[in-house]
Amino acid sequence: MQTLYALETMEQSNIKPGTATRLLNEKLDQTCQIFTYLLYSVVQVAQYAETDAQSRASKHLPSAEDLQVNTKIAGNEFIFQITNDKGFQVNLEQWKMRNLTDSDLVRKLYNSLLTTDTYKAYIADESRSRQGEKEMLEFICKEILSKNESFLQHMEDNFLHWGDDEEMMSILISNYFNKPHLFNFLQLISKEKMDYAKELLLTVIDKKEYCLELIKPKLQNWDPERIAAVDMLLMEMGVCEFLYFPTIPTKVTINEYIDLAKAYSTPQSGQFINGILDNILKDLEKEELVQKQDRPKK
């Protein structure tokens, strides 16, 4: 959707063969960058415990408290899993993510973590469990990073699409901590999903005029020129899925585009798109133009 919207706003003279897929790949690359950097930020906050311990121990007259900084979190098994992943290291180098580090911000995030009851309970427990280790890092991501205004501004300053991807990132991070061994940092988006995204993108571009022929008669008193551009794109995508993507159930299509409309367009867009797509679908089914089939089993 975002790629199609970008194409709509570009000068037609600037759109060359391959522009659409290039923009899509750039968008997906940014998503991978954000995911990698979020995990890197979790690592930095956790590892700051050792920096804090060394700094306080090296004071001219360290107190007993200075000499007893708990560094348990720096030895969290998931921290080792992330930092020893070759794909993760490649991403850090390729996108020069270490250059984005704000040391003062990392220190403030760590100090914020220190004051929480969750962290105090974590370091008070001398034992380690995989579940406890996982929950601690998820806590850092959800309660420390995601609720810190300075960190959110830092992400917005460094990643153009942070606002679009922020909500999805919580799902990706949770999925990672549940099954880190299944993640490939060099291909976060599976080939199947990449192929689907490219096929849908190119189909919507190719079938745009035909889709508009189906959509415009359903607009009744609506002026097509005054309908939100995002709403029109979502309807075009929905119609293409009805007609050209046989393994995607029509109900799934409609629900998906209602959700996208609510997230990216006007408050009324979800209901509006639901009505239009449902109306078009009924006509297409009467003409037996919608041919759906079960997705092949792997």
# chains A, B, ... in the order shown; residues from 1 in each chain; ligands from 1

call {"tool": "closest_atom_pairs", "arguments": {"of": "stretch 101-214 of chain A", "to": "stretch 263-286 of chain A", "cutoff": "12 Å", "atoms": "only C-alpha atoms", "output": "JSON lines"}}
result
{"residue": "A:Gly163", "atom": "CA", "partner": "A:Tyr264", "partner_atom": "CA", "distance": 10.9}
{"residue": "A:Asp164", "atom": "CA", "partner": "A:Tyr264", "partner_atom": "CA", "distance": 8.8}
{"residue": "A:Asp165", "atom": "CA", "partner": "A:Ala263", "partner_atom": "CA", "distance": 11.6}
{"residue": "A:Glu167", "atom": "CA", "partner": "A:Ala263", "partner_atom": "CA", "distance": 10.4}
{"residue": "A:Met168", "atom": "CA", "partner": "A:Ala263", "partner_atom": "CA", "distance": 11.9}
{"residue": "A:Cys211", "atom": "CA", "partner": "A:Ile280", "partner_atom": "CA", "distance": 10.1}
{"residue": "A:Leu212", "atom": "CA", "partner": "A:Ile280", "partner_atom": "CA", "distance": 11.2}
{"residue": "A:Glu213", "atom": "CA", "partner": "A:Ile280", "partner_atom": "CA", "distance": 10.7}
{"residue": "A:Leu214", "atom": "CA", "partner": "A:Ile280", "partner_atom": "CA", "distance": 7.0}

call {"tool": "write_last_selection", "arguments": {"atoms": "C-alpha atoms", "output": "short mmCIF file (atom, residue, chain, number, x, y, z; two decimals), in the first residue's frame"}}
result
data_model
loop_
_atom_site.label_atom_id
_atom_site.label_comp_id
_atom_site.auth_asym_id
_atom_site.auth_seq_id
_atom_site.Cartn_x
_atom_site.Cartn_y
_atom_site.Cartn_z
CA GLY A 163 5.69 5.57 12.43
CA ASP A 164 4.34 3.01 9.96
CA ASP A 165 6.27 0.07 11.39
CA GLU A 167 3.09 -1.30 15.91
CA MET A 168 4.24 -4.22 13.77
CA CYS A 211 -10.40 -2.18 -11.08
CA LEU A 212 -11.56 1.42 -11.38
CA GLU A 213 -14.24 0.32 -13.84
CA LEU A 214 -15.59 -1.97 -11.13
#

call {"tool": "residues_around", "arguments": {"residues": "A:Ala20", "least_positions_apart": "2", "cutoff": "9 Å", "atoms": "only C-alpha atoms", "output": "list in words"}}
result
Thr3, Leu4, Leu7, Ile15, Lys16, Pro17, Gly18, Arg22, Leu23, Leu24, Asn25, Lys198, Leu201, Leu202 and Ile205 of chain A

call {"tool": "write_last_selection", "arguments": {"atoms": "N, CA, C and O atoms", "output": "compact mmCIF listing (two decimals), in the first residue's frame"}}
result
# COMPACT_ATOMS: atom_id res chain seq x y z
N THR A 3 3.91 1.56 -1.00
CA THR A 3 4.62 1.69 -2.27
C THR A 3 3.70 2.23 -3.35
O THR A 3 4.08 3.11 -4.13
N LEU A 4 2.48 1.73 -3.39
CA LEU A 4 1.50 2.22 -4.38
C LEU A 4 1.20 3.70 -4.15
O LEU A 4 1.08 4.47 -5.11
N LEU A 7 4.02 5.78 -5.45
CA LEU A 7 3.97 5.86 -6.92
C LEU A 7 2.92 6.85 -7.38
O LEU A 7 3.11 7.57 -8.36
N ILE A 15 8.88 7.62 -13.12
CA ILE A 15 8.58 6.20 -12.92
C ILE A 15 9.09 5.41 -14.11
O ILE A 15 8.58 5.52 -15.23
N LYS A 16 10.12 4.64 -13.88
CA LYS A 16 10.74 3.83 -14.93
C LYS A 16 10.40 2.36 -14.69
O LYS A 16 9.92 1.99 -13.62
N PRO A 17 10.67 1.50 -15.67
CA PRO A 17 10.51 0.05 -15.43
C PRO A 17 11.36 -0.36 -14.23
O PRO A 17 12.54 -0.03 -14.14
N GLY A 18 10.75 -1.05 -13.31
CA GLY A 18 11.47 -1.50 -12.12
C GLY A 18 11.36 -0.56 -10.93
O GLY A 18 11.77 -0.91 -9.82
N ARG A 22 11.63 -1.60 -6.91
CA ARG A 22 12.74 -0.98 -6.19
C ARG A 22 12.23 -0.28 -4.93
O ARG A 22 12.82 -0.42 -3.85
N LEU A 23 11.13 0.45 -5.05
CA LEU A 23 10.55 1.14 -3.90
C LEU A 23 10.08 0.13 -2.84
O LEU A 23 10.25 0.35 -1.63
N LEU A 24 9.49 -0.96 -3.30
CA LEU A 24 9.03 -1.99 -2.37
C LEU A 24 10.21 -2.59 -1.61
O LEU A 24 10.16 -2.75 -0.39
N ASN A 25 11.27 -2.91 -2.34
CA ASN A 25 12.46 -3.48 -1.70
C ASN A 25 13.07 -2.51 -0.68
O ASN A 25 13.54 -2.93 0.39
N LYS A 198 5.29 -8.60 -4.17
CA LYS A 198 5.65 -8.13 -5.51
C LYS A 198 4.54 -8.42 -6.52
O LYS A 198 4.22 -7.58 -7.37
N LEU A 201 1.63 -6.00 -5.86
CA LEU A 201 2.03 -4.66 -6.31
C LEU A 201 1.90 -4.52 -7.82
O LEU A 201 1.26 -3.59 -8.33
N LEU A 202 2.50 -5.45 -8.55
CA LEU A 202 2.51 -5.36 -10.01
C LEU A 202 1.13 -5.62 -10.60
O LEU A 202 0.77 -5.04 -11.63
N ILE A 205 -0.96 -2.41 -10.27
CA ILE A 205 -0.53 -1.44 -11.28
C ILE A 205 -1.07 -1.83 -12.67
O ILE A 205 -1.60 -0.99 -13.40

call {"tool": "atom_distance", "arguments": {"atom1": "atom CA of A:Met237", "atom2": "atom CA of A:Gln30"}}
result
22.4 Å

call {"tool": "closest_residue", "arguments": {"among": "A:Asp66, A:Asp294, A:Asp206, A:Glu138", "to": "A:Pro246", "atoms": "only C-alpha atoms"}}
result
A:Asp294

call {"tool": "closest_residue", "arguments": {"among": "A:Lys179, A:His154, A:Lys96, A:Arg107", "to": "A:Glu50", "atoms": "only C-alpha atoms"}}
result
A:Arg107

call {"tool": "select_by_dssp", "arguments": {"residues": "stretch 74-277 of chain A", "states": "helix (DSSP H, G or I)", "output": "JSON, numbers by chain"}}
result
{"A": [74, 75, 77, 78, 79, 80, 81, 82, 83, 86, 87, 88, 89, 90, 91, 92, 93, 94, 97, 98, 99, 100, 103, 104, 105, 106, 107, 108, 109, 110, 111, 112, 113, 114, 117, 118, 119, 120, 121, 122, 123, 124, 130, 131, 132, 133, 134, 135, 136, 137, 138, 139, 140, 141, 142, 143, 144, 145, 149, 150, 151, 152, 153, 154, 155, 156, 157, 158, 162, 163, 164, 165, 166, 167, 168, 169, 170, 171, 172, 173, 174, 175, 176, 177, 178, 180, 181, 182, 191, 192, 193, 194, 195, 196, 197, 198, 199, 200, 201, 202, 203, 204, 205, 206, 208, 209, 210, 211, 212, 213, 214, 215, 216, 217, 218, 219, 224, 225, 226, 229, 230, 231, 232, 233, 234, 235, 236, 237, 238, 239, 240, 241, 242, 243, 244, 250, 251, 252, 253, 254, 255, 256, 257, 258, 259, 260, 261, 262, 263, 264, 269, 270, 271, 272, 273, 274, 275, 276, 277]}

call {"tool": "residues_around", "arguments": {"residues": "A:Glu166", "least_positions_apart": "2", "cutoff": "10 Å", "atoms": "only C-alpha atoms", "output": "PyMOL selection string"}}
result
chain A and resi 31+34-35+146+152+155-156+161-164+168-171

call {"tool": "closest_residue", "arguments": {"among": "A:Ile258, A:Leu243, A:Met232, A:Glu288", "to": "A:Thr203", "atoms": "only C-alpha atoms"}}
result
A:Leu243

call {"tool": "closest_residue", "arguments": {"among": "A:Val45, A:Asp52, A:His181, A:Asp85", "to": "A:Met136", "atoms": "only C-alpha atoms"}}
result
A:Val45

call {"tool": "atom_distance", "arguments": {"atom1": "atom CA of A:Thr36", "atom2": "atom CA of A:Asn184"}}
result
11.0 Å

call {"tool": "atom_distance", "arguments": {"atom1": "atom CA of A:Glu199", "atom2": "atom CA of A:Lys27"}}
result
15.6 Å

call {"tool": "closest_residue", "arguments": {"among": "A:Lys108, A:Gln44, A:Gly132, A:Ile227", "to": "A:Ser150", "atoms": "only C-alpha atoms"}}
result
A:Lys108

call {"tool": "closest_residue", "arguments": {"among": "A:Leu39, A:Thr19, A:Arg56, A:Glu11", "to": "A:Cys141", "atoms": "only C-alpha atoms"}}
result
A:Leu39

call {"tool": "residues_around", "arguments": {"residues": "A:Tyr37", "least_positions_apart": "4", "cutoff": "12 Å", "atoms": "only C-alpha atoms", "output": "PyMOL selection string"}}
result
chain A and resi 30-33+41-44+82+88-89+91-93+95-101+141+145+151+154-155+158-159+162+169+173+185
